[in-house]
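Colleague: run.cif is reproduced in full below (mmCIF, C-alpha atoms).
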```cif
data_structure
#
loop_
_atom_site.label_atom_id
_atom_site.label_comp_id
_atom_site.auth_asym_id
_atom_site.auth_seq_id
_atom_site.Cartn_x
_atom_site.Cartn_y
_atom_site.Cartn_z
CA MET A 1 53.41 -13.87 29.11
CA ARG A 2 51.83 -16.08 31.74
CA SER A 3 48.79 -13.83 31.93
CA ASP A 4 48.30 -13.98 28.13
CA ARG A 5 48.60 -17.76 28.24
CA ASN A 6 45.95 -17.97 30.97
CA ASN A 7 43.57 -15.78 28.95
CA ARG A 8 43.67 -18.05 25.91
CA ALA A 9 40.72 -20.35 25.39
CA PRO A 10 41.43 -24.09 25.56
CA MET A 11 41.78 -25.83 22.20
CA GLY A 12 38.73 -27.98 22.94
CA LEU A 13 36.60 -24.87 23.47
CA LYS A 14 37.83 -23.38 20.20
CA ILE A 15 36.97 -26.56 18.32
CA ALA A 16 33.52 -26.67 19.94
CA ALA A 17 32.88 -23.02 19.01
CA ALA A 18 33.97 -23.63 15.41
CA ALA A 19 31.75 -26.72 15.20
CA GLY A 20 28.80 -24.75 16.54
CA LEU A 21 29.30 -21.96 14.02
CA ALA A 22 29.61 -24.47 11.19
CA PHE A 23 26.42 -26.21 12.30
CA MET A 24 24.51 -22.92 12.23
CA HIS A 25 25.90 -21.38 9.05
CA LEU A 26 26.84 -24.17 6.62
CA PRO A 27 23.15 -24.77 5.73
CA ILE A 28 22.90 -21.09 4.80
CA LEU A 29 25.94 -21.41 2.56
CA LEU A 30 24.20 -24.30 0.79
CA ILE A 31 21.49 -21.85 -0.28
CA PHE A 32 24.12 -19.82 -2.13
CA VAL A 33 25.50 -22.95 -3.82
CA TYR A 34 22.08 -24.21 -4.93
CA ALA A 35 21.25 -20.78 -6.34
CA PHE A 36 23.82 -21.51 -9.09
CA THR A 37 23.22 -25.22 -9.72
CA THR A 38 22.35 -26.44 -13.20
CA GLU A 39 19.80 -28.93 -11.77
CA GLU A 40 16.37 -27.29 -11.66
CA ARG A 41 14.17 -30.04 -10.19
CA SER A 42 16.02 -31.45 -7.18
CA TYR A 43 18.82 -30.76 -4.73
CA GLN A 44 21.82 -32.95 -5.53
CA TRP A 45 25.11 -32.89 -3.69
CA PRO A 46 27.51 -32.16 -5.10
CA PRO A 47 25.72 -30.07 -7.74
CA PRO A 48 26.13 -31.50 -11.27
CA GLY A 49 27.28 -28.08 -12.47
CA LEU A 50 27.15 -24.36 -11.82
CA THR A 51 25.52 -21.59 -13.83
CA VAL A 52 24.46 -17.98 -13.38
CA LYS A 53 21.40 -18.24 -15.63
CA TRP A 54 19.04 -18.39 -12.65
CA LEU A 55 19.93 -14.82 -11.75
CA ALA A 56 18.52 -13.66 -15.10
CA VAL A 57 15.51 -15.98 -14.77
CA THR A 58 14.72 -14.56 -11.33
CA TRP A 59 15.20 -11.00 -12.58
CA ASN A 60 12.60 -11.57 -15.29
CA ARG A 61 9.99 -13.16 -13.02
CA PRO A 62 7.23 -10.56 -12.36
CA ASP A 63 5.84 -12.59 -9.45
CA VAL A 64 9.18 -12.22 -7.65
CA TRP A 65 9.14 -8.45 -8.07
CA GLU A 66 5.54 -8.26 -6.91
CA ALA A 67 6.27 -10.25 -3.75
CA LEU A 68 9.47 -8.29 -3.12
CA GLY A 69 7.68 -4.96 -3.48
CA LEU A 70 4.96 -6.04 -1.06
CA SER A 71 7.52 -7.16 1.51
CA VAL A 72 9.49 -3.92 1.26
CA ARG A 73 6.36 -1.77 1.61
CA VAL A 74 5.06 -3.76 4.57
CA ALA A 75 8.43 -3.74 6.32
CA SER A 76 8.93 0.00 5.73
CA ILE A 77 5.53 1.08 7.08
CA SER A 78 5.69 -1.40 9.98
CA THR A 79 9.09 0.02 10.91
CA VAL A 80 7.83 3.61 10.88
CA ILE A 81 4.88 2.67 13.11
CA ALA A 82 7.22 0.75 15.41
CA ILE A 83 9.64 3.67 15.75
CA VAL A 84 6.86 6.11 16.67
CA LEU A 85 4.99 3.86 19.11
CA GLY A 86 8.11 2.18 20.51
CA THR A 87 9.77 5.51 21.24
CA LEU A 88 6.67 6.92 22.93
CA CYS A 89 6.25 3.80 25.07
CA ALA A 90 9.93 3.77 26.00
CA GLY A 91 9.87 7.45 26.96
CA ALA A 92 6.80 6.99 29.17
CA VAL A 93 8.10 3.87 30.91
CA SER A 94 11.67 5.05 31.47
CA ARG A 95 11.14 8.71 32.38
CA ALA A 96 8.02 8.48 34.58
CA ARG A 97 6.95 6.68 37.74
CA PHE A 98 3.36 5.48 37.92
CA PHE A 99 1.30 2.57 39.17
CA GLY A 100 1.42 -0.44 36.86
CA ARG A 101 4.52 0.70 34.98
CA GLU A 102 6.17 -2.73 35.04
CA THR A 103 2.91 -4.38 33.97
CA ILE A 104 2.69 -2.08 30.96
CA SER A 105 6.32 -2.82 30.09
CA LEU A 106 5.56 -6.55 30.23
CA LEU A 107 2.49 -6.14 28.00
CA VAL A 108 4.54 -4.19 25.44
CA ILE A 109 7.18 -6.91 25.08
CA LEU A 110 4.73 -9.82 25.29
CA PRO A 111 4.04 -10.12 21.51
CA ILE A 112 7.66 -11.01 20.76
CA ALA A 113 7.73 -13.60 23.56
CA LEU A 114 4.61 -15.40 22.35
CA PRO A 115 4.84 -18.02 19.58
CA GLY A 116 4.08 -16.44 16.23
CA ILE A 117 1.18 -18.79 15.64
CA ILE A 118 -0.54 -17.48 18.79
CA THR A 119 -0.15 -13.90 17.60
CA GLY A 120 -1.37 -14.86 14.13
CA ILE A 121 -4.47 -16.66 15.39
CA ALA A 122 -5.29 -13.79 17.76
CA LEU A 123 -4.99 -11.19 15.00
CA ARG A 124 -7.02 -13.26 12.55
CA SER A 125 -9.78 -13.69 15.13
CA ALA A 126 -9.77 -9.98 15.90
CA PHE A 127 -9.97 -9.02 12.22
CA ASN A 128 -12.82 -11.46 11.63
CA LEU A 129 -14.68 -10.20 14.71
CA ALA A 130 -14.30 -6.59 13.57
CA ASP A 131 -15.27 -7.59 10.03
CA ILE A 132 -11.99 -6.21 8.64
CA PRO A 133 -11.09 -7.73 5.25
CA PHE A 134 -7.57 -9.03 4.82
CA SER A 135 -5.42 -6.52 2.96
CA PHE A 136 -2.06 -4.83 2.88
CA TRP A 137 -2.90 -3.03 6.12
CA THR A 138 -3.76 -6.18 8.05
CA ILE A 139 -0.25 -7.45 7.25
CA VAL A 140 1.22 -4.15 8.44
CA LEU A 141 -0.72 -4.28 11.70
CA GLY A 142 0.36 -7.86 12.27
CA HIS A 143 4.02 -7.04 11.74
CA ALA A 144 3.85 -3.87 13.82
CA THR A 145 2.89 -5.91 16.91
CA PHE A 146 6.39 -7.36 17.23
CA CYS A 147 8.31 -4.56 15.48
CA VAL A 148 7.21 -2.17 18.25
CA VAL A 149 8.87 -4.46 20.79
CA VAL A 150 12.24 -4.34 19.04
CA VAL A 151 12.29 -0.53 18.93
CA TYR A 152 10.93 -0.27 22.48
CA ASN A 153 13.63 -2.51 23.93
CA ASN A 154 16.45 -0.57 22.27
CA ALA A 155 14.95 2.83 23.09
CA VAL A 156 14.16 2.08 26.73
CA ALA A 157 17.71 0.84 27.32
CA ARG A 158 19.13 4.08 25.88
CA PHE A 159 16.60 6.25 27.77
CA ARG A 160 17.72 4.69 31.06
CA ARG A 161 21.34 5.55 30.27
CA THR A 162 20.51 9.17 29.42
CA ALA A 163 21.01 11.46 32.41
CA GLY A 164 17.80 13.12 33.54
CA SER A 165 19.83 16.17 34.50
CA LEU A 166 20.38 16.95 30.80
CA ILE A 167 16.64 17.21 30.23
CA GLU A 168 16.16 19.26 33.39
CA ALA A 169 18.94 21.63 32.36
CA SER A 170 17.38 22.08 28.93
CA MET A 171 14.01 22.94 30.43
CA ASP A 172 15.62 25.31 32.96
CA LEU A 173 17.31 27.17 30.11
CA GLY A 174 13.93 27.85 28.52
CA ALA A 175 13.64 25.09 25.94
CA ASP A 176 10.15 23.74 25.34
CA GLY A 177 9.33 20.04 25.06
CA PHE A 178 9.92 19.83 21.32
CA GLN A 179 13.25 21.67 21.51
CA THR A 180 14.40 19.44 24.35
CA PHE A 181 13.49 16.35 22.37
CA ARG A 182 15.18 17.60 19.21
CA HIS A 183 18.42 18.92 20.70
CA VAL A 184 18.90 16.74 23.81
CA ILE A 185 16.91 13.52 23.75
CA LEU A 186 17.09 12.62 20.05
CA PRO A 187 20.90 12.93 19.75
CA ASN A 188 21.24 10.59 22.74
CA ILE A 189 18.78 7.95 21.57
CA GLY A 190 19.16 8.37 17.79
CA THR A 191 21.49 5.43 17.19
CA ALA A 192 19.29 3.18 19.36
CA LEU A 193 16.23 4.14 17.30
CA LEU A 194 18.12 3.57 14.07
CA ALA A 195 19.32 0.17 15.28
CA GLY A 196 15.84 -0.76 16.47
CA GLY A 197 14.35 0.34 13.16
CA MET A 198 16.83 -1.76 11.19
CA LEU A 199 16.12 -4.82 13.31
CA ALA A 200 12.37 -4.23 12.96
CA PHE A 201 12.71 -3.98 9.18
CA ALA A 202 14.70 -7.21 9.03
CA LEU A 203 12.20 -9.09 11.21
CA SER A 204 9.24 -7.81 9.22
CA PHE A 205 10.87 -8.58 5.88
CA ASP A 206 11.31 -12.30 6.64
CA GLU A 207 8.21 -12.87 8.79
CA VAL A 208 6.19 -15.94 7.77
CA ILE A 209 3.86 -17.19 10.51
CA VAL A 210 2.01 -13.98 11.38
CA THR A 211 1.82 -13.09 7.68
CA THR A 212 0.16 -16.41 6.92
CA PHE A 213 -2.76 -15.50 9.18
CA THR A 214 -3.11 -11.85 8.13
CA ALA A 215 -2.31 -11.72 4.40
CA GLY A 216 -5.33 -13.34 2.83
CA GLN A 217 -4.54 -13.99 -0.85
CA GLN A 218 -1.46 -11.75 -0.92
CA ALA A 219 2.05 -13.17 -0.91
CA THR A 220 5.05 -11.48 0.64
CA LEU A 221 8.45 -12.74 -0.41
CA PRO A 222 8.77 -15.41 2.35
CA ILE A 223 5.23 -16.66 1.62
CA TRP A 224 6.08 -16.77 -2.10
CA MET A 225 9.15 -18.88 -1.29
CA LEU A 226 7.08 -21.40 0.68
CA GLU A 227 4.64 -21.73 -2.21
CA GLU A 228 7.45 -22.16 -4.74
CA LEU A 229 9.12 -24.97 -2.77
CA VAL A 230 6.27 -27.37 -3.59
CA ARG A 231 6.70 -26.83 -7.32
CA PRO A 232 9.03 -29.22 -9.17
CA ARG A 233 10.43 -26.70 -11.66
CA GLN A 234 12.96 -23.88 -11.35
CA ARG A 235 13.78 -24.53 -7.73
CA PRO A 236 17.08 -22.61 -8.05
CA VAL A 237 14.96 -19.48 -8.47
CA THR A 238 13.72 -20.01 -4.91
CA ASN A 239 17.33 -20.23 -3.73
CA VAL A 240 18.24 -17.04 -5.57
CA VAL A 241 15.38 -15.29 -3.75
CA ALA A 242 16.45 -16.89 -0.46
CA MET A 243 19.95 -15.55 -1.05
CA LEU A 244 18.45 -12.10 -1.51
CA VAL A 245 16.48 -12.43 1.72
CA VAL A 246 19.63 -13.43 3.61
CA LEU A 247 21.47 -10.37 2.33
CA VAL A 248 18.56 -7.98 2.95
CA THR A 249 18.10 -9.16 6.54
CA PHE A 250 21.81 -9.57 7.34
CA LEU A 251 22.86 -6.03 6.44
CA PRO A 252 20.41 -4.21 8.79
CA ILE A 253 21.27 -6.59 11.63
CA LEU A 254 24.99 -6.02 11.06
CA ALA A 255 24.45 -2.25 11.00
CA ALA A 256 22.36 -2.43 14.19
CA TYR A 257 25.13 -4.38 15.89
CA TYR A 258 27.77 -1.78 15.06
CA LEU A 259 25.47 1.08 16.10
CA THR A 260 24.83 -0.38 19.55
CA ARG A 261 27.97 -2.36 20.34
CA GLY A 262 29.31 0.44 22.52
CA GLY A 263 26.30 0.28 24.82
CA ASP A 264 24.12 -2.32 26.42
CA THR A 265 23.02 -5.44 24.59
CA VAL A 266 20.88 -4.96 21.51
CA ALA A 267 17.41 -5.75 22.72
CA GLY A 268 14.87 -7.56 20.67
CA GLN A 269 16.82 -10.70 19.92
CA GLY A 270 14.84 -13.90 20.35
CA LYS A 271 12.18 -13.47 17.68
#
```
Could you render the structure as C-alpha cells?
Modeller:
Amino acid sequence: MRSDRNNRAPMGLKIAAAAGLAFMHLPILLIFVYAFTTEERSYQWPPPGLTVKWLAVTWNRPDVWEALGLSVRVASISTVIAIVLGTLCAGAVSRARFFGRETISLLVILPIALPGIITGIALRSAFNLADIPFSFWTIVLGHATFCVVVVYNNAVARFRRTAGSLIEASMDLGADGFQTFRHVILPNIGTALLAGGMLAFALSFDEVIVTTFTAGQQATLPIWMLEELVRPRQRPVTNVVAMLVVLVTFLPILAAYYLTRGGDTVAGQGK
C-alpha cells in the first residue's frame, strides 16, 4: 500500500498535466465546433447556433475535392519514395562500417531539423537554377526531403535492434540477398517501415511551408485552407476541411504509435 501511494503523482502535477493538455487540444476542439456553426462570416463564441449544412456544402465544392486529391496523390508518392530511400539509407548506415558514416547519417536527418522555410527556399532556388517548371513533381520532391527522414529514423532504430546473427545464419543456409531480405529482414523491420510510412504520409498531407515554395499555381488542401481564410464567406467550410485534415493526420499517427510502442521511441517527431 505504501509503495502504491509513493508511486502516485502529486495532485499539483496532475493539475498541471491536465492544464497543459487542455492548452494544446482545446483550440483543436474549437475547429470541430465552428465546423457546425450557423454563422458563416465570423467566429463568434458561443456560436449563435449549430447546423450540419456545411458538410453538404463542403461535399459539393469541386475545389475542395481537387485540393484533396492533389494532397492525397502527393502524400502517397512521397511516402513510397521515402520508404524506398529511407530503408536503403538505414540499411547502409546500420549494417556497415565505413568512413564518414555518422556524417552521412547527419546529412540524411538534416532536412527535418532545418526550418521549413530554409528547405523551401533552397528547393525553389534549385528548381529555378535547373530550369525545372513548378508542377506536381516538384511538390513531391519537396515533401520527399523530410519524409525520407521519418522512415530512415524508424528503420535505422529497428535495424540496430535486429541481430546480425540472423542475417548471417540465413546466408550460411544458402539464401541469397533477396531471400534474406524477404524472409528475415523485412519481417523484423516491417512494422517500423509501416509506422514510418504512416508518419510520412501524415506530415506530407498537412505540409504548408515547403509546398508554398514548390507548388507554383497548384493548391494542396492546406494551401487551399490558407487561401480560404482571407475570404469573408463560408468560413465554416474551411473548418469542415480542417476537421478532415485533423482526422486524416491523426489516424496514421495513432496507428504508428501502436505499431512501435513496444520498441524504441518513434523517430521523426519534431517536424
Colleague: Step by step, work through what the PyMOL selection byres ((chain A and resi 120-132) around 6) selects in the shown file, and finish by giving those residues as a PyMOL selection string.
Modeller: chain A and resi 117-119+133+210+213
Colleague: I'd like the residues picked by the PyMOL selection byres ((chain A and resi 22-33) around 9) written out as an NGL selection string, using the chain letters and numbers from the file.
Modeller: :A and (17-21 or 34-37 or 47 or 50 or 236 or 239-240 or 242-243 or 246)
Colleague: Taking all atoms listed in the file into account, which of A:Leu229, A:Thr145, A:Val156, A:Ala75 comes nearest Thr249 in chain A?
Modeller: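 Under the stated criterion, the closest residue is A:Ala75.
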Colleague: Would you kindly translate the PyMOL selection byres ((chain A and resi 137) around 12) into the concrete residues it picks from this file, as an mmCIF file with C-alpha atoms, in the frame of the given file?
Modeller:
```cif
data_model
loop_
_atom_site.group_PDB
_atom_site.id
_atom_site.type_symbol
_atom_site.label_atom_id
_atom_site.label_comp_id
_atom_site.auth_asym_id
_atom_site.auth_seq_id
_atom_site.Cartn_x
_atom_site.Cartn_y
_atom_site.Cartn_z
ATOM 1 C CA LEU A 70 4.960 -6.040 -1.060
ATOM 2 C CA ARG A 73 6.360 -1.770 1.610
ATOM 3 C CA VAL A 74 5.060 -3.760 4.570
ATOM 4 C CA ALA A 75 8.430 -3.740 6.320
ATOM 5 C CA ILE A 77 5.530 1.080 7.080
ATOM 6 C CA SER A 78 5.690 -1.400 9.980
ATOM 7 C CA ILE A 81 4.880 2.670 13.110
ATOM 8 C CA PHE A 127 -9.970 -9.020 12.220
ATOM 9 C CA ILE A 132 -11.990 -6.210 8.640
ATOM 10 C CA PRO A 133 -11.090 -7.730 5.250
ATOM 11 C CA PHE A 134 -7.570 -9.030 4.820
ATOM 12 C CA SER A 135 -5.420 -6.520 2.960
ATOM 13 C CA PHE A 136 -2.060 -4.830 2.880
ATOM 14 C CA THR A 138 -3.760 -6.180 8.050
ATOM 15 C CA ILE A 139 -0.250 -7.450 7.250
ATOM 16 C CA VAL A 140 1.220 -4.150 8.440
ATOM 17 C CA LEU A 141 -0.720 -4.280 11.700
ATOM 18 C CA GLY A 142 0.360 -7.860 12.270
ATOM 19 C CA HIS A 143 4.020 -7.040 11.740
ATOM 20 C CA ALA A 144 3.850 -3.870 13.820
ATOM 21 C CA THR A 211 1.820 -13.090 7.680
ATOM 22 C CA THR A 214 -3.110 -11.850 8.130
ATOM 23 C CA ALA A 215 -2.310 -11.720 4.400
ATOM 24 C CA GLY A 216 -5.330 -13.340 2.830
ATOM 25 C CA GLN A 218 -1.460 -11.750 -0.920
#
```
Colleague: Counting all atoms listed in the file, what is within 12 Å of Val149 in chain A, bar same-chain residues fewer than 6 positions away, as a VMD selection string?
Modeller: chain A and resid 78 to 79 81 to 90 105 to 114 143 155 to 156 193 196 to 197 199 to 200 203 267 to 271
Colleague: Please list as a list in words every residue within 7 Å of Thr220 in chain A, counting only C-alpha atoms and excluding residues in the same chain fewer than 4 positions away.
Modeller: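 Residues meeting the cut-off are Ala67, Leu68, Leu70, Ser71 and Trp224 of chain A.
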Colleague: Enter the distance from CA of Trp54 in chain A to CA of Ser76 in chain A, in Å, rounded to one decimal.
Modeller: 27.9 Å
Colleague: Tell me, in Å to one decimal, how far CA of Ser94 in chain A is from CA of Phe201 in chain A.
Modeller: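 Atom-to-atom, CA of Ser94 in chain A and CA of Phe201 in chain A are spaced 24.1 Å apart.
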Colleague: Closest to Val241 in chain A among A:Val150, A:Pro115, A:Phe99, A:Asp63, using all atoms listed in the file?
Modeller: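 Checking each candidate against Val241 in chain A, we get A:Asp63 as the closest.
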Colleague: In Å, how far is it from CA of Arg97 in chain A to CA of Ala195 in chain A?
Modeller: 26.5 Å
Colleague: For Thr191 in chain A, which of A:Ala157, A:Ala16, A:Val230, A:Val80 is the closest residue, counting all atoms listed in the file?
Modeller: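 Ranked by minimum distance to Thr191 in chain A, first place goes to A:Ala157.
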Colleague: When distances are computed from only C-alpha atoms, which of A:Val151, A:Leu244, A:Ala255, A:Val237 shows the smallest separation from Val52 in chain A?
Modeller: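 Comparing A:Val151, A:Leu244, A:Ala255, A:Val237 against Val52 in chain A, the winner is A:Val237.
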Colleague: Out of A:Val72, A:Met11, A:Val57, A:Ile185, which residue has the shortest atom-to-atom distance to Asp206 in chain A when counting all atoms listed in the file?
Modeller: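 Looking at the shortest contact to Asp206 in chain A, the residue is A:Val72.
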Colleague: Out of A:Pro252, A:Pro222, A:Gly12, A:Gly190, which residue has the shortest atom-to-atom distance to Ala202 in chain A when counting only C-alpha atoms?
Modeller: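 So, comparing all the options, the nearest one is A:Pro252.
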